[in-house]
Amino acid sequence: MTYPVKEIPTKPFTDQKPGTSGLRKRVKVFQQEHYTENFIQAIFDSIDAKGQTLVIGGDGRYYSPETVQIVLKIGSANGVARFIVGKDSILSTPAASNVIRKYKAYGGILLTASHNPGGPDNDFGIKYNVSNGGPAPESVTNKMFEASKNISKYFIIEQPEVNLSRIGEFTYGPSKVSIIDSVTDYTTLLEGIFDFPLIKSFLTSHTHDFRVLFDGLHGVTGPYAESILVDKLGLSKASIQNCKPLPDFGGGHPDPNLTYAHSLVEVVESKGIEFGAASDGDGDRNMIYGKGAFVTPSDSVAIIADWADVIPYFKKGGVKGLARSMPTSKAIDLVAQKKGFEYFEVPTGWKFFGNLMDAGRLSICGEESFGTGSDHIREKDGLWAVIAWLNILAAANEDSPNKLLGINDVLQRHYIIYGRSFFSRYDYEEVSSEGASAMVDHLNQALSSGSLNDTTHKSSSTSESFTISGLYDFAYTDPIDGSVSKNQGQVITFSDGSRVVFRLSGTGSSGATVRMYVERYVANDAGDAELGKSAADGLKGLIEVALEVSQLKKFLKVEEPTVIT
Ligand code: G6P
Ligand code: ZN
């Protein structure tokens with residue numbers, strides 16, 4: 001029996017090009033008549049989901065429940081056999097990746113704009129993930145854009161709205177809908193990766209006082225953190241804050257960095273908490289921050305890689321390889337070299353790690369943009385990184401009965417073995433697109449003419465000198481499928497091994513955002529004073545030189561960055 005399907009005539013919108021992580025726009029844009037429906041139909045026009053299982057979830061932001069109903073109606077009309085939906089439309093990005101893999105779904109539609117603010121006047125997003133649990137590659141998202149430009153109708157079935165709060169299996173027109181608990185599968189996953197008994201005994205020991213504070217920033221991770229940190233690892237509820245997901249994230253900017261996660265930073269500092277952590281709106285980013293100790297994401301992934309053998313998942317399966325995105329500091333490369341692991345440098349964007357993982361050549365990877373993860377799923381994973389750090393600290397303290405080791409001790413130990421890569425990122429948000437491209441042109445000109453090569457630049461405040469050894473535009477050839485990604489950022493290298501990268505953000509929803517990444521390596525014998533500097537002090541001279549060489553302030557017409565991480 002065929003089920004009646006309705007055809008709704010529509011006209012294309014010209015702006016439905018998915019960016020680095022799906023289609024992100026203001027809520028008001030998605031609320032235009034047919035806008036969301038068109039894009040959902042464009043997704044189904046670009047994949048072959050007939051008779052398949054599709055996962056639906058997201059960070060619970062404003063306009064999510066409405067969009068789930070639209071996906072069900074259009075998806076069912078396009079032949080999807082079964083939908084697996086997170087209760088109340090919630091599945092963190094890592095949890096969704098896991099659900100897609102665990103239940104062997106064809107793909108998933110994630111309703112999220114990650115760390116962008118939510119609510120009626122802020123952002124919404126729709127992202128498609130493929131069957132390996134990772135973000136759709138550009139070949140697929142380009143098809144969606146093409147389909148969206150040529151659309152003339154979409155298909156729906158008529159069905160009453162599904163109650164998204166009721167767990168169970170339901171018949172929905174010609175399809176089935178399973179509403180699942182958003183948290184259970186994910187908790188089971190992490191329990192199988194980390195040494196929960198060791199972490200629990202460390203966290204609940206009465207011989208020392210090691211306090212933990214996790215801040216969900218009112219994003220999606222709250223219920224996951226409660227299940228893992230409180231129910232499984234025995235911490236009190238005082239160890240978690242802002243853990244109720246809210247559609248507008250409580251009016252905040254749910255991005256775990258020193259600027260936006262001030263709710264965490266303030267409490268950690270005022271109460272002297274040993275271990276603090278936060279995650280973003282959809283749960284894939286993380287920040288590790290204890291009293292007086294900030295772990296840069298570049299160091300974080302290097303340290304997790306260095307300590308991998310205390311984590312049962314890697315102890316058992318081994319470490320197949322390591323990787324980082326291009327602007328991320330080279331700290332992880334040093335770990336790979338010492339331990340003899342293969343390692344990779346990929347463009348910014350988690351999707352570039354997926355092929356390497358599927359080919360069995362990559363286990364642990366990270367990005368400077370507060371993303372850390374492994375091949376347990378195909379997205380970065382905020383809580384995974386937090387629990388990895390707790391696992392490392394629990395293991396480090398097993399060998400240190402008389403002194404409680406904290407984040408700073410682990411950092412210093414790392415610098416003494418490997419040296420330190422000072423790293424910082426300056427963001428210039430919502431600047432004019434013309435100014436940004438003028439700066440890119442200026443660098444490209446220096447690149448082609450070689451005019452900056454071998455020039456020496458002196459910082460006026462620190463008197464350090466930096467000599468430019470090269471300038472290139474980063475391009476990547478995927479070693480697995482041979483696909484080429486060009487124009488991934490302009491890199492200036494210096495004769496002392498320092499590096500400055502300029503890149504345009506691919507995730508903003510209006511204007512242009514320029515990012516400047518600065519890295520300077522100091523060898524392990526530089527002495528405690530040098531190795532222990534703040535990143536701002538360690539990088540002062542190089543930052544001055546980077547700003548001078550790029551003429552950034554002149555082109556962007558701004559004095560200061562909006563965010564420094
Ligand atoms: C998303 C991706 C990350 C990537 C980041 C880059 O968060 O999931 O993998 O690092 O975007 O953002 P940007 O704004 O720098 O393009
Ligand atoms: Zn995110």
# chains A, B, ... in the order shown; residues from 1 in each chain; ligands from 1
$ residues_near_ligand --ligand "ligand 1" --cutoff "7 Å" --atoms "only C-alpha atoms and all ligand atoms" --output "PDB file with C-alpha atoms, in the first residue's frame"
ATOM      1  CA  THR A  20      32.208  23.997   7.699  1.00  0.00           C
ATOM      2  CA  SER A  21      29.514  22.527   9.926  1.00  0.00           C
ATOM      3  CA  SER A 114      27.391  24.577  17.977  1.00  0.00           C
ATOM      4  CA  THR A 348      40.648  23.091   9.898  1.00  0.00           C
ATOM      5  CA  GLY A 349      37.450  21.082  10.287  1.00  0.00           C
ATOM      6  CA  TRP A 350      36.821  17.802  12.052  1.00  0.00           C
ATOM      7  CA  LYS A 351      35.608  16.115   8.887  1.00  0.00           C
ATOM      8  CA  GLU A 367      42.229  21.298  16.988  1.00  0.00           C
ATOM      9  CA  SER A 369      39.525  25.571  18.463  1.00  0.00           C
ATOM     10  CA  GLY A 371      38.141  20.319  19.870  1.00  0.00           C
ATOM     11  CA  LEU A 504      39.191  33.313   7.515  1.00  0.00           C
ATOM     12  CA  SER A 505      36.584  31.622   9.686  1.00  0.00           C
ATOM     13  CA  GLY A 506      34.195  29.256   7.912  1.00  0.00           C
ATOM     14  CA  THR A 507      31.559  29.198  10.640  1.00  0.00           C
ATOM     15  CA  GLY A 508      30.342  32.769  11.122  1.00  0.00           C
TER      16      GLY A 508
END
$ residues_near_ligand --ligand "ligand 2" --cutoff "9 Å" --atoms "only C-alpha atoms and all ligand atoms" --output "ChimeraX atom specification"
/A:92-93,112-116,254-255,279-286,371,380-382
$ write_last_selection --atoms "N, CA and C atoms" --output "mmCIF file, in the first residue's frame"
data_model
loop_
_atom_site.group_PDB
_atom_site.id
_atom_site.type_symbol
_atom_site.label_atom_id
_atom_site.label_comp_id
_atom_site.auth_asym_id
_atom_site.auth_seq_id
_atom_site.Cartn_x
_atom_site.Cartn_y
_atom_site.Cartn_z
ATOM 1 N N SER A 92 23.580 15.293 22.027
ATOM 2 C CA SER A 92 24.782 16.105 21.815
ATOM 3 C C SER A 92 25.417 15.631 20.503
ATOM 4 N N THR A 93 26.270 16.454 19.919
ATOM 5 C CA THR A 93 26.905 16.056 18.656
ATOM 6 C C THR A 93 27.688 14.739 18.810
ATOM 7 N N THR A 112 21.768 22.082 15.247
ATOM 8 C CA THR A 112 22.698 22.781 16.133
ATOM 9 C C THR A 112 23.436 23.876 15.371
ATOM 10 N N ALA A 113 23.798 24.927 16.099
ATOM 11 C CA ALA A 113 24.752 25.900 15.565
ATOM 12 C C ALA A 113 25.940 25.950 16.536
ATOM 13 N N SER A 114 26.226 24.775 17.118
ATOM 14 C CA SER A 114 27.391 24.577 17.977
ATOM 15 C C SER A 114 27.471 25.585 19.121
ATOM 16 N N HIS A 115 28.498 26.438 19.078
ATOM 17 C CA HIS A 115 28.759 27.364 20.180
ATOM 18 C C HIS A 115 28.137 28.729 19.917
ATOM 19 N N ASN A 116 27.423 28.896 18.805
ATOM 20 C CA ASN A 116 26.801 30.198 18.546
ATOM 21 C C ASN A 116 25.608 30.393 19.489
ATOM 22 N N PRO A 254 27.559 29.985 24.397
ATOM 23 C CA PRO A 254 28.014 28.703 24.946
ATOM 24 C C PRO A 254 29.284 28.185 24.290
ATOM 25 N N ASP A 255 30.380 28.922 24.476
ATOM 26 C CA ASP A 255 31.653 28.549 23.871
ATOM 27 C C ASP A 255 32.709 28.455 24.975
ATOM 28 N N SER A 279 31.983 22.818 28.378
ATOM 29 C CA SER A 279 31.740 22.315 27.028
ATOM 30 C C SER A 279 30.822 23.302 26.317
ATOM 31 N N ASP A 280 30.717 23.171 24.988
ATOM 32 C CA ASP A 280 29.942 24.169 24.246
ATOM 33 C C ASP A 280 28.484 23.745 24.059
ATOM 34 N N GLY A 281 27.737 24.540 23.302
ATOM 35 C CA GLY A 281 26.304 24.329 23.121
ATOM 36 C C GLY A 281 25.952 22.901 22.760
ATOM 37 N N ASP A 282 26.659 22.306 21.774
ATOM 38 C CA ASP A 282 26.293 20.963 21.314
ATOM 39 C C ASP A 282 27.220 19.872 21.862
ATOM 40 N N GLY A 283 28.142 20.253 22.759
ATOM 41 C CA GLY A 283 28.890 19.228 23.502
ATOM 42 C C GLY A 283 30.120 18.665 22.834
ATOM 43 N N ASP A 284 30.582 19.273 21.737
ATOM 44 C CA ASP A 284 31.769 18.676 21.122
ATOM 45 C C ASP A 284 33.063 19.399 21.479
ATOM 46 N N ARG A 285 32.969 20.634 21.988
ATOM 47 C CA ARG A 285 34.201 21.337 22.388
ATOM 48 C C ARG A 285 34.450 21.194 23.885
ATOM 49 N N ASN A 286 35.655 21.503 24.308
ATOM 50 C CA ASN A 286 35.961 21.450 25.734
ATOM 51 C C ASN A 286 37.033 22.457 26.091
ATOM 52 N N GLY A 371 38.685 21.619 20.255
ATOM 53 C CA GLY A 371 38.141 20.319 19.870
ATOM 54 C C GLY A 371 39.185 19.240 20.082
ATOM 55 N N LYS A 380 34.415 15.527 17.296
ATOM 56 C CA LYS A 380 35.171 15.816 18.506
ATOM 57 C C LYS A 380 34.232 15.654 19.697
ATOM 58 N N ASP A 381 34.812 15.538 20.884
ATOM 59 C CA ASP A 381 33.981 15.099 21.998
ATOM 60 C C ASP A 381 34.414 15.784 23.296
ATOM 61 N N GLY A 382 33.594 16.764 23.716
ATOM 62 C CA GLY A 382 33.927 17.573 24.890
ATOM 63 C C GLY A 382 34.085 16.758 26.164
#
$ residues_around --residues "stretch 322-324 of chain A" --least-positions-apart "3" --cutoff "7 Å" --atoms "only C-alpha atoms" --output "ChimeraX atom specification"
/A:328,336,341-346,362-367
$ write_last_selection --atoms "C-alpha atoms" --output "PDB file, in the first residue's frame"
ATOM      1  CA  THR A 328      47.040  23.842  15.935  1.00  0.00           C
ATOM      2  CA  ALA A 336      54.330  11.287  17.701  1.00  0.00           C
ATOM      3  CA  PHE A 341      53.509   7.145  15.707  1.00  0.00           C
ATOM      4  CA  GLU A 342      52.432   8.249  12.248  1.00  0.00           C
ATOM      5  CA  TYR A 343      51.045  11.822  12.356  1.00  0.00           C
ATOM      6  CA  PHE A 344      49.093  14.140  10.081  1.00  0.00           C
ATOM      7  CA  GLU A 345      48.397  17.842   9.542  1.00  0.00           C
ATOM      8  CA  VAL A 346      44.922  18.431   8.064  1.00  0.00           C
ATOM      9  CA  LEU A 362      44.394   7.726  13.302  1.00  0.00           C
ATOM     10  CA  SER A 363      43.456   7.341  16.962  1.00  0.00           C
ATOM     11  CA  ILE A 364      43.837  10.710  18.736  1.00  0.00           C
ATOM     12  CA  CYS A 365      43.497  14.181  17.252  1.00  0.00           C
ATOM     13  CA  GLY A 366      42.664  17.744  18.102  1.00  0.00           C
ATOM     14  CA  GLU A 367      42.229  21.298  16.988  1.00  0.00           C
TER      15      GLU A 367
END
$ residues_around --residues "stretch 152-164 of chain A" --least-positions-apart "6" --cutoff "6 Å" --atoms "only C-alpha atoms" --output "JSON, numbers by chain"
{"A": [5, 6, 7, 8, 9, 10, 11, 41, 73, 74, 77, 87, 88]}
$ closest_residue --among "A:Leu334, A:Val265, A:Ala277, A:Val220" --to "A:Ser239" --atoms "only C-alpha atoms"
A:Ala277
$ select_by_dssp --residues "stretch 201-405 of chain A" --states "alpha helix (DSSP H)" --output "mmCIF file with N, CA and C atoms, in the first residue's frame"
data_model
loop_
_atom_site.group_PDB
_atom_site.id
_atom_site.type_symbol
_atom_site.label_atom_id
_atom_site.label_comp_id
_atom_site.auth_asym_id
_atom_site.auth_seq_id
_atom_site.Cartn_x
_atom_site.Cartn_y
_atom_site.Cartn_z
ATOM 1 N N SER A 201 37.728 6.205 42.343
ATOM 2 C CA SER A 201 38.420 6.087 43.635
ATOM 3 C C SER A 201 39.302 7.313 43.879
ATOM 4 N N PHE A 202 39.868 7.883 42.815
ATOM 5 C CA PHE A 202 40.663 9.112 42.979
ATOM 6 C C PHE A 202 39.760 10.279 43.398
ATOM 7 N N LEU A 203 38.625 10.437 42.719
ATOM 8 C CA LEU A 203 37.771 11.598 42.983
ATOM 9 C C LEU A 203 37.071 11.524 44.332
ATOM 10 N N GLY A 222 24.796 19.173 29.910
ATOM 11 C CA GLY A 222 24.377 19.048 31.312
ATOM 12 C C GLY A 222 23.950 17.644 31.707
ATOM 13 N N PRO A 223 22.938 17.075 31.043
ATOM 14 C CA PRO A 223 22.473 15.742 31.456
ATOM 15 C C PRO A 223 23.534 14.652 31.285
ATOM 16 N N TYR A 224 24.418 14.809 30.308
ATOM 17 C CA TYR A 224 25.490 13.828 30.110
ATOM 18 C C TYR A 224 26.496 13.930 31.259
ATOM 19 N N ALA A 225 26.827 15.177 31.626
ATOM 20 C CA ALA A 225 27.785 15.388 32.711
ATOM 21 C C ALA A 225 27.217 14.854 34.018
ATOM 22 N N HIS A 262 33.229 32.573 31.311
ATOM 23 C CA HIS A 262 33.645 33.282 32.532
ATOM 24 C C HIS A 262 32.935 32.748 33.762
ATOM 25 N N SER A 263 31.722 32.148 33.568
ATOM 26 C CA SER A 263 31.026 31.596 34.740
ATOM 27 C C SER A 263 31.879 30.510 35.393
ATOM 28 N N LEU A 264 32.601 29.751 34.598
ATOM 29 C CA LEU A 264 33.478 28.708 35.130
ATOM 30 C C LEU A 264 34.739 29.329 35.736
ATOM 31 N N VAL A 265 35.369 30.217 34.954
ATOM 32 C CA VAL A 265 36.654 30.795 35.371
ATOM 33 C C VAL A 265 36.518 31.504 36.726
ATOM 34 N N GLU A 266 35.427 32.272 36.875
ATOM 35 C CA GLU A 266 35.247 33.017 38.127
ATOM 36 C C GLU A 266 35.150 32.093 39.331
ATOM 37 N N VAL A 267 34.332 31.044 39.230
ATOM 38 C CA VAL A 267 34.155 30.157 40.390
ATOM 39 C C VAL A 267 35.433 29.366 40.657
ATOM 40 N N VAL A 268 36.085 28.894 39.612
ATOM 41 C CA VAL A 268 37.333 28.137 39.798
ATOM 42 C C VAL A 268 38.357 29.006 40.537
ATOM 43 N N GLU A 269 38.477 30.250 40.105
ATOM 44 C CA GLU A 269 39.469 31.131 40.739
ATOM 45 C C GLU A 269 39.053 31.505 42.156
ATOM 46 N N SER A 270 37.784 31.884 42.360
ATOM 47 C CA SER A 270 37.409 32.365 43.693
ATOM 48 C C SER A 270 37.431 31.230 44.712
ATOM 49 N N LYS A 271 37.102 30.014 44.298
ATOM 50 C CA LYS A 271 37.094 28.902 45.262
ATOM 51 C C LYS A 271 38.370 28.071 45.203
ATOM 52 N N PRO A 297 44.218 24.013 24.032
ATOM 53 C CA PRO A 297 43.779 22.786 23.353
ATOM 54 C C PRO A 297 44.927 22.076 22.640
ATOM 55 N N SER A 298 45.891 22.842 22.128
ATOM 56 C CA SER A 298 47.030 22.219 21.432
ATOM 57 C C SER A 298 47.861 21.364 22.390
ATOM 58 N N ASP A 299 48.056 21.864 23.619
ATOM 59 C CA ASP A 299 48.771 21.072 24.623
ATOM 60 C C ASP A 299 47.909 19.896 25.076
ATOM 61 N N SER A 300 46.614 20.167 25.212
ATOM 62 C CA SER A 300 45.718 19.138 25.746
ATOM 63 C C SER A 300 45.794 17.857 24.918
ATOM 64 N N VAL A 301 45.689 18.005 23.607
ATOM 65 C CA VAL A 301 45.678 16.790 22.775
ATOM 66 C C VAL A 301 47.050 16.102 22.795
ATOM 67 N N ALA A 302 48.120 16.903 22.894
ATOM 68 C CA ALA A 302 49.464 16.307 22.956
ATOM 69 C C ALA A 302 49.621 15.510 24.246
ATOM 70 N N ILE A 303 49.102 16.060 25.328
ATOM 71 C CA ILE A 303 49.242 15.392 26.631
ATOM 72 C C ILE A 303 48.392 14.119 26.672
ATOM 73 N N ILE A 304 47.177 14.191 26.139
ATOM 74 C CA ILE A 304 46.342 12.976 26.104
ATOM 75 C C ILE A 304 47.057 11.889 25.286
ATOM 76 N N ALA A 305 47.666 12.303 24.173
ATOM 77 C CA ALA A 305 48.383 11.319 23.346
ATOM 78 C C ALA A 305 49.560 10.728 24.121
ATOM 79 N N ASP A 306 50.257 11.585 24.865
ATOM 80 C CA ASP A 306 51.422 11.123 25.617
ATOM 81 C C ASP A 306 51.034 10.124 26.708
ATOM 82 N N PRO A 312 42.229 2.737 29.100
ATOM 83 C CA PRO A 312 42.048 1.337 28.664
ATOM 84 C C PRO A 312 41.785 1.175 27.166
ATOM 85 N N TYR A 313 41.002 2.067 26.570
ATOM 86 C CA TYR A 313 40.672 1.956 25.136
ATOM 87 C C TYR A 313 41.942 1.925 24.281
ATOM 88 N N PHE A 314 42.928 2.770 24.614
ATOM 89 C CA PHE A 314 44.168 2.813 23.826
ATOM 90 C C PHE A 314 45.145 1.737 24.277
ATOM 91 N N LYS A 315 45.084 1.424 25.564
ATOM 92 C CA LYS A 315 45.967 0.370 26.065
ATOM 93 C C LYS A 315 45.663 -0.928 25.322
ATOM 94 N N LYS A 316 44.364 -1.173 25.132
ATOM 95 C CA LYS A 316 43.932 -2.406 24.478
ATOM 96 C C LYS A 316 44.137 -2.332 22.955
ATOM 97 N N GLY A 317 43.660 -1.231 22.349
ATOM 98 C CA GLY A 317 43.656 -1.154 20.879
ATOM 99 C C GLY A 317 44.915 -0.550 20.285
ATOM 100 N N ALA A 331 52.777 20.701 19.142
ATOM 101 C CA ALA A 331 53.111 19.921 20.347
ATOM 102 C C ALA A 331 52.843 18.428 20.143
ATOM 103 N N ILE A 332 51.746 18.100 19.469
ATOM 104 C CA ILE A 332 51.401 16.678 19.291
ATOM 105 C C ILE A 332 52.374 15.983 18.328
ATOM 106 N N ASP A 333 52.956 16.745 17.393
ATOM 107 C CA ASP A 333 53.926 16.149 16.463
ATOM 108 C C ASP A 333 55.123 15.598 17.247
ATOM 109 N N LEU A 334 55.501 16.353 18.299
ATOM 110 C CA LEU A 334 56.677 15.943 19.076
ATOM 111 C C LEU A 334 56.412 14.631 19.807
ATOM 112 N N VAL A 335 55.174 14.471 20.283
ATOM 113 C CA VAL A 335 54.817 13.211 20.948
ATOM 114 C C VAL A 335 54.885 12.073 19.927
ATOM 115 N N ALA A 336 54.327 12.328 18.742
ATOM 116 C CA ALA A 336 54.330 11.287 17.701
ATOM 117 C C ALA A 336 55.759 10.896 17.336
ATOM 118 N N GLN A 337 56.625 11.904 17.191
ATOM 119 C CA GLN A 337 58.022 11.608 16.810
ATOM 120 C C GLN A 337 58.707 10.767 17.884
ATOM 121 N N LYS A 338 58.495 11.154 19.145
ATOM 122 C CA LYS A 338 59.178 10.425 20.238
ATOM 123 C C LYS A 338 58.687 8.986 20.329
ATOM 124 N N LYS A 339 57.369 8.821 20.124
ATOM 125 C CA LYS A 339 56.792 7.476 20.319
ATOM 126 C C LYS A 339 56.735 6.667 19.024
ATOM 127 N N LYS A 351 35.895 17.122 9.923
ATOM 128 C CA LYS A 351 35.608 16.115 8.887
ATOM 129 C C LYS A 351 36.886 15.575 8.235
ATOM 130 N N PHE A 352 37.972 16.350 8.274
ATOM 131 C CA PHE A 352 39.203 15.881 7.639
ATOM 132 C C PHE A 352 39.866 14.716 8.388
ATOM 133 N N PHE A 353 39.488 14.516 9.647
ATOM 134 C CA PHE A 353 40.068 13.393 10.392
ATOM 135 C C PHE A 353 39.383 12.057 10.058
ATOM 136 N N GLY A 354 38.124 12.152 9.595
ATOM 137 C CA GLY A 354 37.292 10.950 9.448
ATOM 138 C C GLY A 354 37.886 9.892 8.535
ATOM 139 N N ASN A 355 38.381 10.298 7.367
ATOM 140 C CA ASN A 355 38.941 9.325 6.423
ATOM 141 C C ASN A 355 40.118 8.575 7.031
ATOM 142 N N LEU A 356 40.968 9.312 7.754
ATOM 143 C CA LEU A 356 42.151 8.687 8.370
ATOM 144 C C LEU A 356 41.720 7.672 9.424
ATOM 145 N N MET A 357 40.683 8.034 10.179
ATOM 146 C CA MET A 357 40.181 7.096 11.202
ATOM 147 C C MET A 357 39.579 5.859 10.552
ATOM 148 N N ASP A 358 38.744 6.091 9.518
ATOM 149 C CA ASP A 358 38.106 4.941 8.860
ATOM 150 C C ASP A 358 39.157 4.011 8.249
ATOM 151 N N GLY A 382 33.594 16.764 23.716
ATOM 152 C CA GLY A 382 33.927 17.573 24.890
ATOM 153 C C GLY A 382 34.085 16.758 26.164
ATOM 154 N N LEU A 383 33.084 15.954 26.495
ATOM 155 C CA LEU A 383 33.168 15.207 27.759
ATOM 156 C C LEU A 383 34.239 14.117 27.694
ATOM 157 N N TRP A 384 34.466 13.581 26.528
ATOM 158 C CA TRP A 384 35.545 12.599 26.372
ATOM 159 C C TRP A 384 36.875 13.224 26.819
ATOM 160 N N ALA A 385 37.124 14.464 26.383
ATOM 161 C CA ALA A 385 38.384 15.126 26.749
ATOM 162 C C ALA A 385 38.448 15.378 28.255
ATOM 163 N N VAL A 386 37.315 15.774 28.821
ATOM 164 C CA VAL A 386 37.285 16.046 30.266
ATOM 165 C C VAL A 386 37.591 14.763 31.037
ATOM 166 N N ILE A 387 36.960 13.667 30.643
ATOM 167 C CA ILE A 387 37.182 12.410 31.369
ATOM 168 C C ILE A 387 38.596 11.879 31.078
ATOM 169 N N ALA A 388 39.111 12.148 29.885
ATOM 170 C CA ALA A 388 40.501 11.743 29.595
ATOM 171 C C ALA A 388 41.448 12.428 30.585
ATOM 172 N N TRP A 389 41.229 13.711 30.813
ATOM 173 C CA TRP A 389 42.078 14.432 31.766
ATOM 174 C C TRP A 389 41.925 13.882 33.183
ATOM 175 N N LEU A 390 40.698 13.558 33.565
ATOM 176 C CA LEU A 390 40.512 12.996 34.916
ATOM 177 C C LEU A 390 41.194 11.634 35.015
ATOM 178 N N ASN A 391 41.132 10.866 33.945
ATOM 179 C CA ASN A 391 41.801 9.563 33.910
ATOM 180 C C ASN A 391 43.324 9.738 34.055
ATOM 181 N N ILE A 392 43.858 10.723 33.344
ATOM 182 C CA ILE A 392 45.305 10.984 33.413
ATOM 183 C C ILE A 392 45.706 11.426 34.821
ATOM 184 N N LEU A 393 44.925 12.338 35.403
ATOM 185 C CA LEU A 393 45.255 12.824 36.742
ATOM 186 C C LEU A 393 45.136 11.710 37.777
ATOM 187 N N ALA A 394 44.118 10.858 37.613
ATOM 188 C CA ALA A 394 43.973 9.732 38.548
ATOM 189 C C ALA A 394 45.179 8.812 38.440
ATOM 190 N N ALA A 395 45.622 8.554 37.218
ATOM 191 C CA ALA A 395 46.779 7.663 37.024
ATOM 192 C C ALA A 395 48.053 8.320 37.549
ATOM 193 N N ALA A 396 48.240 9.610 37.271
ATOM 194 C CA ALA A 396 49.440 10.307 37.736
ATOM 195 C C ALA A 396 49.500 10.275 39.265
ATOM 196 N N ASN A 397 48.374 10.420 39.914
ATOM 197 C CA ASN A 397 48.362 10.457 41.371
ATOM 198 C C ASN A 397 48.542 9.086 42.008
ATOM 199 N N GLU A 398 48.255 8.045 41.252
ATOM 200 C CA GLU A 398 48.526 6.694 41.783
ATOM 201 C C GLU A 398 50.001 6.533 42.098
#
$ select_by_dssp --residues "stretch 317-430 of chain A" --states "strand (DSSP E or B)" --output "PyMOL selection string"
chain A and resi 322-325+343-346+364-367+371-374+420-430
$ closest_residue --among "A:Glu544, A:Glu274, A:Asp473, A:Glu379" --to "A:Arg211" --atoms "only C-alpha atoms"
A:Glu274
